[in-house]
$ cat upload.cif   # mmCIF, C-alpha atoms
data_run
loop_
_atom_site.group_PDB
_atom_site.id
_atom_site.type_symbol
_atom_site.label_atom_id
_atom_site.label_comp_id
_atom_site.auth_asym_id
_atom_site.auth_seq_id
_atom_site.Cartn_x
_atom_site.Cartn_y
_atom_site.Cartn_z
ATOM 1 C CA MET A 1 -32.629 2.246 12.878
ATOM 2 C CA LYS A 2 -31.921 -0.258 10.144
ATOM 3 C CA ILE A 3 -29.145 0.668 7.738
ATOM 4 C CA ILE A 4 -27.867 -1.313 4.780
ATOM 5 C CA VAL A 5 -24.341 -0.959 3.473
ATOM 6 C CA ASN A 6 -23.615 -2.448 0.058
ATOM 7 C CA VAL A 7 -19.940 -3.015 -0.645
ATOM 8 C CA PHE A 8 -18.645 -3.711 -4.143
ATOM 9 C CA LEU A 9 -15.258 -3.833 -5.828
ATOM 10 C CA LYS A 10 -14.596 -0.556 -7.638
ATOM 11 C CA GLU A 11 -15.259 -0.222 -11.334
ATOM 12 C CA GLY A 12 -12.083 -1.245 -13.100
ATOM 13 C CA VAL A 13 -11.005 -3.627 -10.329
ATOM 14 C CA LEU A 14 -11.521 -7.126 -11.676
ATOM 15 C CA ASP A 15 -14.121 -9.064 -9.679
ATOM 16 C CA PRO A 16 -13.112 -12.751 -9.956
ATOM 17 C CA GLN A 17 -16.301 -14.026 -8.259
ATOM 18 C CA GLY A 18 -18.538 -11.949 -10.513
ATOM 19 C CA LYS A 19 -16.612 -13.138 -13.527
ATOM 20 C CA ALA A 20 -16.994 -16.790 -12.508
ATOM 21 C CA ALA A 21 -20.746 -16.389 -11.929
ATOM 22 C CA HIS A 22 -21.085 -14.578 -15.259
ATOM 23 C CA HIS A 23 -19.317 -17.435 -16.997
ATOM 24 C CA ALA A 24 -21.520 -20.003 -15.213
ATOM 25 C CA LEU A 25 -24.719 -18.171 -16.220
ATOM 26 C CA HIS A 26 -23.530 -18.148 -19.799
ATOM 27 C CA SER A 27 -22.715 -21.893 -19.642
ATOM 28 C CA LEU A 28 -26.230 -22.569 -18.316
ATOM 29 C CA GLY A 29 -27.736 -20.899 -21.359
ATOM 30 C CA PHE A 30 -28.832 -17.596 -19.812
ATOM 31 C CA GLU A 31 -28.385 -15.053 -22.551
ATOM 32 C CA GLY A 32 -28.019 -11.299 -22.553
ATOM 33 C CA VAL A 33 -26.109 -11.059 -19.260
ATOM 34 C CA ASN A 34 -23.650 -8.236 -19.833
ATOM 35 C CA ASP A 35 -21.911 -8.158 -16.494
ATOM 36 C CA VAL A 36 -22.074 -9.703 -13.021
ATOM 37 C CA ARG A 37 -20.616 -8.039 -9.929
ATOM 38 C CA ILE A 38 -20.668 -9.766 -6.566
ATOM 39 C CA GLY A 39 -20.486 -7.709 -3.404
ATOM 40 C CA LYS A 40 -21.480 -7.832 0.234
ATOM 41 C CA GLN A 41 -24.563 -6.548 1.949
ATOM 42 C CA ILE A 42 -24.075 -5.517 5.566
ATOM 43 C CA VAL A 43 -27.228 -4.852 7.584
ATOM 44 C CA LEU A 44 -26.832 -2.744 10.716
ATOM 45 C CA ASP A 45 -29.242 -1.882 13.464
ATOM 46 C CA ILE A 46 -27.996 1.297 15.124
ATOM 47 C CA ASP A 47 -29.112 3.926 17.603
ATOM 48 C CA ALA A 48 -29.557 7.289 15.924
ATOM 49 C CA SER A 49 -32.010 10.149 16.416
ATOM 50 C CA ASP A 50 -32.412 10.909 12.709
ATOM 51 C CA LYS A 51 -31.386 9.723 9.269
ATOM 52 C CA ALA A 52 -28.598 12.266 8.859
ATOM 53 C CA GLU A 53 -26.975 11.189 12.118
ATOM 54 C CA ALA A 54 -27.333 7.530 11.135
ATOM 55 C CA GLU A 55 -25.800 8.133 7.747
ATOM 56 C CA ALA A 56 -22.854 10.045 9.193
ATOM 57 C CA LYS A 57 -22.183 7.285 11.723
ATOM 58 C CA VAL A 58 -22.356 4.520 9.138
ATOM 59 C CA LYS A 59 -20.203 6.447 6.686
ATOM 60 C CA GLU A 60 -17.442 6.506 9.290
ATOM 61 C CA MET A 61 -17.912 2.780 9.944
ATOM 62 C CA ALA A 62 -17.706 2.043 6.235
ATOM 63 C CA GLU A 63 -14.552 4.113 5.755
ATOM 64 C CA THR A 64 -12.895 2.629 8.842
ATOM 65 C CA LEU A 65 -13.813 -1.039 8.661
ATOM 66 C CA LEU A 66 -16.670 -2.185 6.466
ATOM 67 C CA ALA A 67 -15.067 -1.351 3.122
ATOM 68 C CA ASN A 68 -11.446 -1.287 2.010
ATOM 69 C CA THR A 69 -11.529 1.900 -0.044
ATOM 70 C CA VAL A 70 -8.329 0.927 -1.874
ATOM 71 C CA ILE A 71 -10.374 -1.594 -3.863
ATOM 72 C CA GLU A 72 -14.002 -1.188 -2.799
ATOM 73 C CA ASP A 73 -16.847 1.323 -3.081
ATOM 74 C CA TYR A 74 -19.804 1.361 -0.733
ATOM 75 C CA ALA A 75 -23.347 2.695 -0.787
ATOM 76 C CA ILE A 76 -25.451 3.421 2.290
ATOM 77 C CA GLU A 77 -29.169 2.737 2.189
ATOM 78 C CA ILE A 78 -31.501 3.717 5.020
ATOM 79 C CA ALA A 79 -34.281 1.186 5.279
ATOM 80 C CA MET B 1 18.870 -10.647 16.841
ATOM 81 C CA LYS B 2 15.560 -10.717 18.714
ATOM 82 C CA VAL B 3 12.340 -11.210 16.797
ATOM 83 C CA ALA B 4 8.806 -10.515 18.041
ATOM 84 C CA VAL B 5 6.244 -12.833 16.415
ATOM 85 C CA LEU B 6 2.649 -11.640 16.699
ATOM 86 C CA ARG B 7 -0.197 -13.986 17.449
ATOM 87 C CA PHE B 8 -3.876 -13.301 16.759
ATOM 88 C CA PRO B 9 -6.805 -15.683 17.229
ATOM 89 C CA GLY B 10 -6.496 -17.801 14.068
ATOM 90 C CA THR B 11 -2.778 -17.283 13.452
ATOM 91 C CA ASN B 12 -1.208 -20.644 12.560
ATOM 92 C CA CYS B 13 2.317 -19.940 11.292
ATOM 93 C CA GLU B 14 3.756 -18.512 14.506
ATOM 94 C CA PHE B 15 5.642 -21.672 15.501
ATOM 95 C CA ASP B 16 7.106 -22.203 12.012
ATOM 96 C CA THR B 17 8.224 -18.583 12.101
ATOM 97 C CA GLN B 18 9.847 -19.045 15.516
ATOM 98 C CA TYR B 19 11.511 -22.256 14.296
ATOM 99 C CA ALA B 20 12.893 -20.485 11.237
ATOM 100 C CA PHE B 21 14.475 -17.614 13.150
ATOM 101 C CA GLU B 22 15.720 -19.877 15.948
ATOM 102 C CA LYS B 23 17.353 -22.146 13.376
ATOM 103 C CA LEU B 24 19.249 -19.051 12.235
ATOM 104 C CA GLY B 25 20.404 -18.526 15.827
ATOM 105 C CA HIS B 26 18.028 -15.752 16.882
ATOM 106 C CA LYS B 27 15.838 -15.257 19.897
ATOM 107 C CA THR B 28 12.089 -15.072 19.353
ATOM 108 C CA GLU B 29 9.155 -14.070 21.485
ATOM 109 C CA LEU B 30 5.468 -14.611 20.818
ATOM 110 C CA VAL B 31 3.345 -11.508 21.349
ATOM 111 C CA TRP B 32 -0.393 -11.919 21.961
ATOM 112 C CA HIS B 33 -2.670 -9.543 20.046
ATOM 113 C CA GLU B 34 -4.004 -7.930 23.223
ATOM 114 C CA GLU B 35 -0.580 -6.622 24.242
ATOM 115 C CA THR B 36 -0.192 -2.873 23.936
ATOM 116 C CA VAL B 37 3.608 -2.823 24.034
ATOM 117 C CA LEU B 38 6.206 -4.821 22.131
ATOM 118 C CA PRO B 39 9.050 -6.618 23.958
ATOM 119 C CA GLU B 40 12.164 -4.510 24.564
ATOM 120 C CA ASP B 41 15.311 -4.726 22.445
ATOM 121 C CA ILE B 42 13.672 -6.302 19.413
ATOM 122 C CA ASP B 43 15.209 -6.024 15.954
ATOM 123 C CA LEU B 44 12.218 -7.189 13.928
ATOM 124 C CA VAL B 45 8.470 -7.715 14.217
ATOM 125 C CA VAL B 46 6.971 -10.558 12.174
ATOM 126 C CA VAL B 47 3.247 -10.687 11.459
ATOM 127 C CA PRO B 48 2.914 -14.384 10.591
ATOM 128 C CA GLY B 49 0.473 -16.262 8.397
ATOM 129 C CA GLY B 50 -2.833 -17.842 9.287
ATOM 130 C CA PHE B 51 -6.468 -16.854 9.315
ATOM 131 C CA SER B 52 -6.698 -14.094 11.913
ATOM 132 C CA TYR B 53 -10.280 -13.639 13.121
ATOM 133 C CA GLY B 54 -11.379 -16.302 10.645
ATOM 134 C CA ASP B 55 -10.663 -13.949 7.712
ATOM 135 C CA TYR B 56 -14.139 -12.514 8.421
ATOM 136 C CA LEU B 57 -15.193 -9.436 6.424
ATOM 137 C CA ARG B 58 -11.852 -9.315 4.561
ATOM 138 C CA SER B 59 -8.565 -11.053 5.324
ATOM 139 C CA GLY B 60 -6.723 -8.954 7.905
ATOM 140 C CA SER B 61 -9.468 -6.349 8.254
ATOM 141 C CA ILE B 62 -10.208 -7.090 11.915
ATOM 142 C CA ALA B 63 -6.675 -7.945 13.031
ATOM 143 C CA ARG B 64 -5.464 -4.506 12.008
ATOM 144 C CA PHE B 65 -7.496 -3.039 14.883
ATOM 145 C CA ALA B 66 -6.020 -5.394 17.515
ATOM 146 C CA PRO B 67 -4.349 -3.490 20.376
ATOM 147 C CA VAL B 68 -0.874 -4.740 19.453
ATOM 148 C CA MET B 69 -1.107 -3.176 15.993
ATOM 149 C CA LYS B 70 -0.895 0.328 17.448
ATOM 150 C CA ALA B 71 2.454 -0.607 18.953
ATOM 151 C CA VAL B 72 3.574 -2.159 15.662
ATOM 152 C CA LYS B 73 2.599 0.981 13.746
ATOM 153 C CA ALA B 74 4.506 3.173 16.210
ATOM 154 C CA TYR B 75 7.505 0.821 15.977
ATOM 155 C CA ALA B 76 7.495 1.061 12.168
ATOM 156 C CA ASP B 77 6.950 4.841 12.185
ATOM 157 C CA ASN B 78 10.080 5.014 14.310
ATOM 158 C CA GLY B 79 12.063 3.103 11.668
ATOM 159 C CA GLY B 80 11.624 -0.402 13.134
ATOM 160 C CA LYS B 81 11.551 -3.325 10.703
ATOM 161 C CA VAL B 82 8.300 -5.234 10.193
ATOM 162 C CA LEU B 83 7.754 -8.320 8.026
ATOM 163 C CA GLY B 84 4.267 -9.582 7.113
ATOM 164 C CA ILE B 85 3.968 -13.077 5.674
ATOM 165 C CA CYS B 86 0.754 -14.175 3.914
ATOM 166 C CA ASN B 87 -2.045 -13.179 6.341
ATOM 167 C CA GLY B 88 0.538 -10.811 7.857
ATOM 168 C CA PHE B 89 0.886 -9.130 4.450
ATOM 169 C CA GLN B 90 -2.905 -8.813 4.265
ATOM 170 C CA ILE B 91 -3.003 -7.277 7.754
ATOM 171 C CA LEU B 92 -0.292 -4.730 6.891
ATOM 172 C CA THR B 93 -2.092 -3.633 3.707
ATOM 173 C CA GLU B 94 -5.390 -3.342 5.612
ATOM 174 C CA ALA B 95 -3.569 -1.259 8.222
ATOM 175 C CA GLY B 96 -2.291 1.070 5.506
ATOM 176 C CA MET B 97 1.317 0.224 6.445
ATOM 177 C CA LEU B 98 1.879 -1.204 2.954
ATOM 178 C CA PRO B 99 0.378 0.064 -0.320
ATOM 179 C CA GLY B 100 -2.283 -1.847 -2.264
ATOM 180 C CA ALA B 101 -4.725 -4.566 -1.272
ATOM 181 C CA LEU B 102 -5.059 -8.344 -1.601
ATOM 182 C CA LYS B 103 -8.151 -9.676 -3.364
ATOM 183 C CA ARG B 104 -9.549 -13.153 -3.907
ATOM 184 C CA ASN B 105 -7.348 -15.226 -6.272
ATOM 185 C CA ASN B 106 -8.528 -14.843 -9.852
ATOM 186 C CA ASN B 107 -9.341 -18.574 -10.114
ATOM 187 C CA LEU B 108 -11.208 -18.415 -6.751
ATOM 188 C CA HIS B 109 -9.231 -21.407 -5.444
ATOM 189 C CA PHE B 110 -7.056 -21.728 -2.378
ATOM 190 C CA ILE B 111 -3.635 -22.253 -3.964
ATOM 191 C CA SER B 112 -1.141 -24.354 -2.001
ATOM 192 C CA LYS B 113 2.077 -25.370 -3.772
ATOM 193 C CA HIS B 114 5.761 -24.645 -4.224
ATOM 194 C CA GLN B 115 6.228 -21.630 -6.470
ATOM 195 C CA THR B 116 9.271 -20.063 -8.099
ATOM 196 C CA LEU B 117 9.777 -16.365 -7.451
ATOM 197 C CA CYS B 118 12.086 -13.838 -9.054
ATOM 198 C CA VAL B 119 13.914 -11.334 -6.843
ATOM 199 C CA VAL B 120 13.111 -7.909 -8.294
ATOM 200 C CA ASN B 121 14.929 -5.677 -5.803
ATOM 201 C CA ASN B 122 17.527 -6.605 -3.196
ATOM 202 C CA GLU B 123 18.640 -3.175 -2.024
ATOM 203 C CA ASN B 124 16.672 -3.358 1.199
ATOM 204 C CA ALA B 125 16.888 -4.780 4.714
ATOM 205 C CA PHE B 126 15.050 -7.960 3.676
ATOM 206 C CA LEU B 127 16.414 -9.431 0.425
ATOM 207 C CA ASN B 128 20.005 -8.176 0.616
ATOM 208 C CA LYS B 129 21.379 -11.759 0.838
ATOM 209 C CA CYS B 130 19.624 -12.641 -2.444
ATOM 210 C CA GLU B 131 20.766 -11.652 -5.929
ATOM 211 C CA LYS B 132 18.678 -9.452 -8.173
ATOM 212 C CA GLY B 133 17.042 -11.777 -10.719
ATOM 213 C CA GLU B 134 17.654 -14.821 -8.534
ATOM 214 C CA ILE B 135 14.971 -17.521 -8.634
ATOM 215 C CA LEU B 136 13.737 -18.756 -5.260
ATOM 216 C CA ASN B 137 11.545 -21.783 -4.614
ATOM 217 C CA ILE B 138 9.109 -20.919 -1.819
ATOM 218 C CA PRO B 139 5.719 -22.406 -0.867
ATOM 219 C CA ILE B 140 2.553 -20.362 -1.286
ATOM 220 C CA ALA B 141 -0.765 -21.114 0.464
ATOM 221 C CA HIS B 142 -3.512 -18.539 0.125
ATOM 222 C CA ALA B 143 -6.975 -17.713 -1.212
ATOM 223 C CA ASP B 144 -6.604 -13.918 -1.106
ATOM 224 C CA GLY B 145 -3.224 -13.222 -2.681
ATOM 225 C CA ASN B 146 -4.309 -11.314 -5.764
ATOM 226 C CA TYR B 147 -2.362 -8.086 -5.267
ATOM 227 C CA TYR B 148 -4.033 -4.929 -6.517
ATOM 228 C CA ILE B 149 -2.459 -1.516 -6.886
ATOM 229 C CA ASP B 150 -3.494 1.344 -9.165
ATOM 230 C CA GLU B 151 -1.219 2.111 -12.129
ATOM 231 C CA GLU B 152 0.075 5.422 -10.845
ATOM 232 C CA SER B 153 1.106 3.987 -7.469
ATOM 233 C CA LEU B 154 2.634 0.969 -9.196
ATOM 234 C CA ALA B 155 4.858 3.233 -11.312
ATOM 235 C CA GLN B 156 6.000 5.091 -8.186
ATOM 236 C CA MET B 157 6.709 1.822 -6.372
ATOM 237 C CA GLU B 158 8.703 0.500 -9.318
ATOM 238 C CA ALA B 159 10.752 3.695 -9.541
ATOM 239 C CA ASN B 160 11.455 3.536 -5.800
ATOM 240 C CA GLY B 161 12.450 -0.160 -5.797
ATOM 241 C CA GLN B 162 9.454 -1.217 -3.689
ATOM 242 C CA ILE B 163 8.560 -4.287 -5.752
ATOM 243 C CA LEU B 164 10.453 -7.110 -4.034
ATOM 244 C CA LEU B 165 9.302 -10.357 -5.624
ATOM 245 C CA ARG B 166 7.297 -11.560 -8.609
ATOM 246 C CA TYR B 167 5.860 -14.983 -9.398
ATOM 247 C CA SER B 168 7.975 -16.376 -12.226
ATOM 248 C CA ASP B 169 9.001 -19.533 -14.044
ATOM 249 C CA ALA B 170 12.470 -21.056 -13.543
ATOM 250 C CA GLU B 171 13.905 -18.624 -16.105
ATOM 251 C CA GLY B 172 12.527 -15.547 -14.390
ATOM 252 C CA ASN B 173 9.628 -14.861 -16.785
ATOM 253 C CA ARG B 174 6.514 -13.594 -15.030
ATOM 254 C CA VAL B 175 3.748 -16.133 -14.585
ATOM 255 C CA VAL B 176 0.125 -15.635 -13.569
ATOM 256 C CA VAL B 177 -0.448 -17.490 -10.307
ATOM 257 C CA ASN B 178 -3.314 -15.664 -8.599
ATOM 258 C CA GLY B 179 -4.024 -12.647 -10.816
ATOM 259 C CA SER B 180 -1.721 -10.191 -9.009
ATOM 260 C CA VAL B 181 -0.960 -6.960 -10.863
ATOM 261 C CA THR B 182 2.273 -7.626 -12.829
ATOM 262 C CA SER B 183 2.599 -10.930 -10.919
ATOM 263 C CA ILE B 184 3.655 -9.170 -7.708
ATOM 264 C CA ALA B 185 4.347 -11.520 -4.769
ATOM 265 C CA GLY B 186 5.978 -9.098 -2.318
ATOM 266 C CA VAL B 187 6.415 -5.360 -1.745
ATOM 267 C CA CYS B 188 7.762 -2.887 0.788
ATOM 268 C CA ASN B 189 6.762 0.590 1.933
ATOM 269 C CA GLU B 190 8.326 3.808 0.706
ATOM 270 C CA THR B 191 10.849 3.980 3.547
ATOM 271 C CA LYS B 192 11.775 0.298 3.063
ATOM 272 C CA ASN B 193 11.312 -0.868 6.627
ATOM 273 C CA VAL B 194 7.922 -2.589 6.266
ATOM 274 C CA PHE B 195 7.864 -5.688 4.075
ATOM 275 C CA GLY B 196 5.065 -7.988 2.958
ATOM 276 C CA LEU B 197 4.891 -11.118 0.845
ATOM 277 C CA MET B 198 2.363 -13.884 0.190
ATOM 278 C CA PRO B 199 4.902 -16.776 -0.074
ATOM 279 C CA HIS B 200 6.131 -18.477 3.118
ATOM 280 C CA PRO B 201 9.937 -18.299 3.547
ATOM 281 C CA GLU B 202 9.567 -19.863 7.025
ATOM 282 C CA ARG B 203 8.339 -23.043 5.311
ATOM 283 C CA ALA B 204 11.443 -23.210 3.132
ATOM 284 C CA MET B 205 14.105 -23.777 5.775
ATOM 285 C CA GLU B 206 14.943 -27.476 5.231
ATOM 286 C CA SER B 207 15.953 -29.110 1.953
ATOM 287 C CA ILE B 208 14.267 -32.337 3.111
ATOM 288 C CA LEU B 209 10.982 -30.399 3.077
ATOM 289 C CA GLY B 210 11.483 -29.194 -0.479
ATOM 290 C CA SER B 211 13.525 -26.024 -0.245
ATOM 291 C CA GLU B 212 15.865 -24.034 1.960
ATOM 292 C CA ASP B 213 15.685 -20.838 -0.071
ATOM 293 C CA GLY B 214 13.844 -19.193 2.814
ATOM 294 C CA ILE B 215 17.092 -19.144 4.801
ATOM 295 C CA ARG B 216 18.751 -16.533 2.567
ATOM 296 C CA MET B 217 15.600 -14.430 2.636
ATOM 297 C CA LEU B 218 15.248 -14.310 6.415
ATOM 298 C CA GLN B 219 19.013 -13.912 6.919
ATOM 299 C CA GLY B 220 18.707 -10.540 5.229
ATOM 300 C CA PHE B 221 17.458 -9.026 8.462
ATOM 301 C CA GLU B 222 20.753 -9.906 10.183
ATOM 302 C CA ALA B 223 22.656 -7.296 8.187
#

$ encode --input "upload.cif" --output "C-alpha cells"
Amino acid sequence: MKIIVNVFLKEGVLDPQGKAAHHALHSLGFEGVNDVRIGKQIVLDIDASDKAEAEAKVKEMAETLLANTVIEDYAIEIA
Amino acid sequence: MKVAVLRFPGTNCEFDTQYAFEKLGHKTELVWHEETVLPEDIDLVVVPGGFSYGDYLRSGSIARFAPVMKAVKAYADNGGKVLGICNGFQILTEAGMLPGALKRNNNLHFISKHQTLCVVNNENAFLNKCEKGEILNIPIAHADGNYYIDEESLAQMEANGQILLRYSDAEGNRVVVNGSVTSIAGVCNETKNVFGLMPHPERAMESILGSEDGIRMLQGFEA
C-alpha cells in the first residue's frame, strides 16, 4: 500500500527555507504570495491489510523517526 | 580520566576529540556505533561532530537509533556525564536526552568561522573552569545549528541554569549567528549531566591554530 507522509515545520516555528523561497519569488516579480512553507514528502510502500492498519503503522513511524515532533508536524495521506 | 568517544559512519571529529583529551593527559577510547556496551571505568562519553549517516532525514535522526545510543542513554540515566559537540548535540536532542531541536541556519548557509561565545552558567560539570560572563573564542562549523525551544521550556531552562553558552560579541552582547532562540549555543539537561553545544572546543586547543579557549572548557570534566 502506498502511503505519503508530509512533514512540515510547525506553525510558529520559523521556516528559513520557506522564507528564502518567498523572498526569491517576490524578487522575481511574482505577486500575491502570502507565505511559503517548505517541507518533506516521504512516500512509503508498506504491507498492510487495510487502511486503518496502514495508518496506525505509519503514525508510529512518523512519531518515532520520520518527523521530529519538537519542531515538526506531519500529515498522513493514503494514496 | 577515561573518555569514550563515539564513532558513527560519517563522524569526522573523533580524532580531534581524542587529541584534545589526550593533550589534557586523559585516556580515550573510540567506540563504534554498533557496540552495545560502553568501555568500563569511563568518566565521560563524548558524541563528536561530523555528519553521521550523511545527515539524511534530519541531522542526528538516524544516529540516535544506533545500538550504542541505548548504552549511552542508560549511562546518562545512571548519572554518567555525556558531552555532544555539533553533530553530537544534534544527536542528543534527537534522542530526547537534551531539550529542543536544531534547525537549518536562518541564512541557509554552512557557517564555518571562529566565533565569540559568552559563558552563561558555569555551575555545572562542564564549564566550571570558566567564569560566568567570560568570552571564549571557539570555532563553529555547521548548517543545522539554529536552536529551537518553546518559550515555556526556555523559561524553565533559564531558571534552572541550563543555558550554558550564547553567541556574543567581544563585550558579551548577544549576536545573531544562525537564528538560535536567544542566541543559544549550548545547553544541558535538567539534571546537568548531559551537555550539548554547536561550537567545537576540541578545535580550540592550540594558540597557533587560533585559540586555546577549548582547554578550559574540556578541563571542566576533570573536577

$ closest_residue --input "upload.cif" --among "A:Glu53, A:Asp47, A:Asp35, A:Asp15" --to "chain B" --atoms "all atoms listed in the file"
A:Asp15

$ interface_residues --input "upload.cif" --of "chain B" --to "chain A" --cutoff "7 Å" --atoms "only C-alpha atoms" --output "list in words"
Ser61, Gly100, Ala101, Asn106, Asn107 and Leu108 of chain B

$ residues_around --input "upload.cif" --residues "B:Ile215" --least-positions-apart "5" --cutoff "9 Å" --atoms "only C-alpha atoms" --output "list in words"
Ala20, Phe21, Leu24, Pro201, Glu202, Ala204, Met205, Glu206 and Gly220 of chain B

$ resolve_selection --input "upload.cif" --expression "the PyMOL selection byres ((chain B and resi 10) around 10)" --output "PyMOL selection string"
chain B and resi 7-9+11-13+49-55+63

$ residues_around --input "upload.cif" --residues "B:Asn146" --least-positions-apart "6" --cutoff "9 Å" --atoms "all atoms listed in the file" --output "PyMOL selection string"
chain B and resi 101-106+177-181+183-185

$ resolve_selection --input "upload.cif" --expression "the PyMOL selection byres ((chain B and resi 32-36) around 9)" --output "PyMOL selection string"
chain B and resi 5-9+30-31+37-38+63+66-71

$ atom_distance --input "upload.cif" --atom1 "atom CA of A:Val43" --atom2 "atom CA of B:Gly60"
20.9 Å

$ atom_distance --input "upload.cif" --atom1 "atom CA of B:His26" --atom2 "atom CA of B:Met1"
5.2 Å
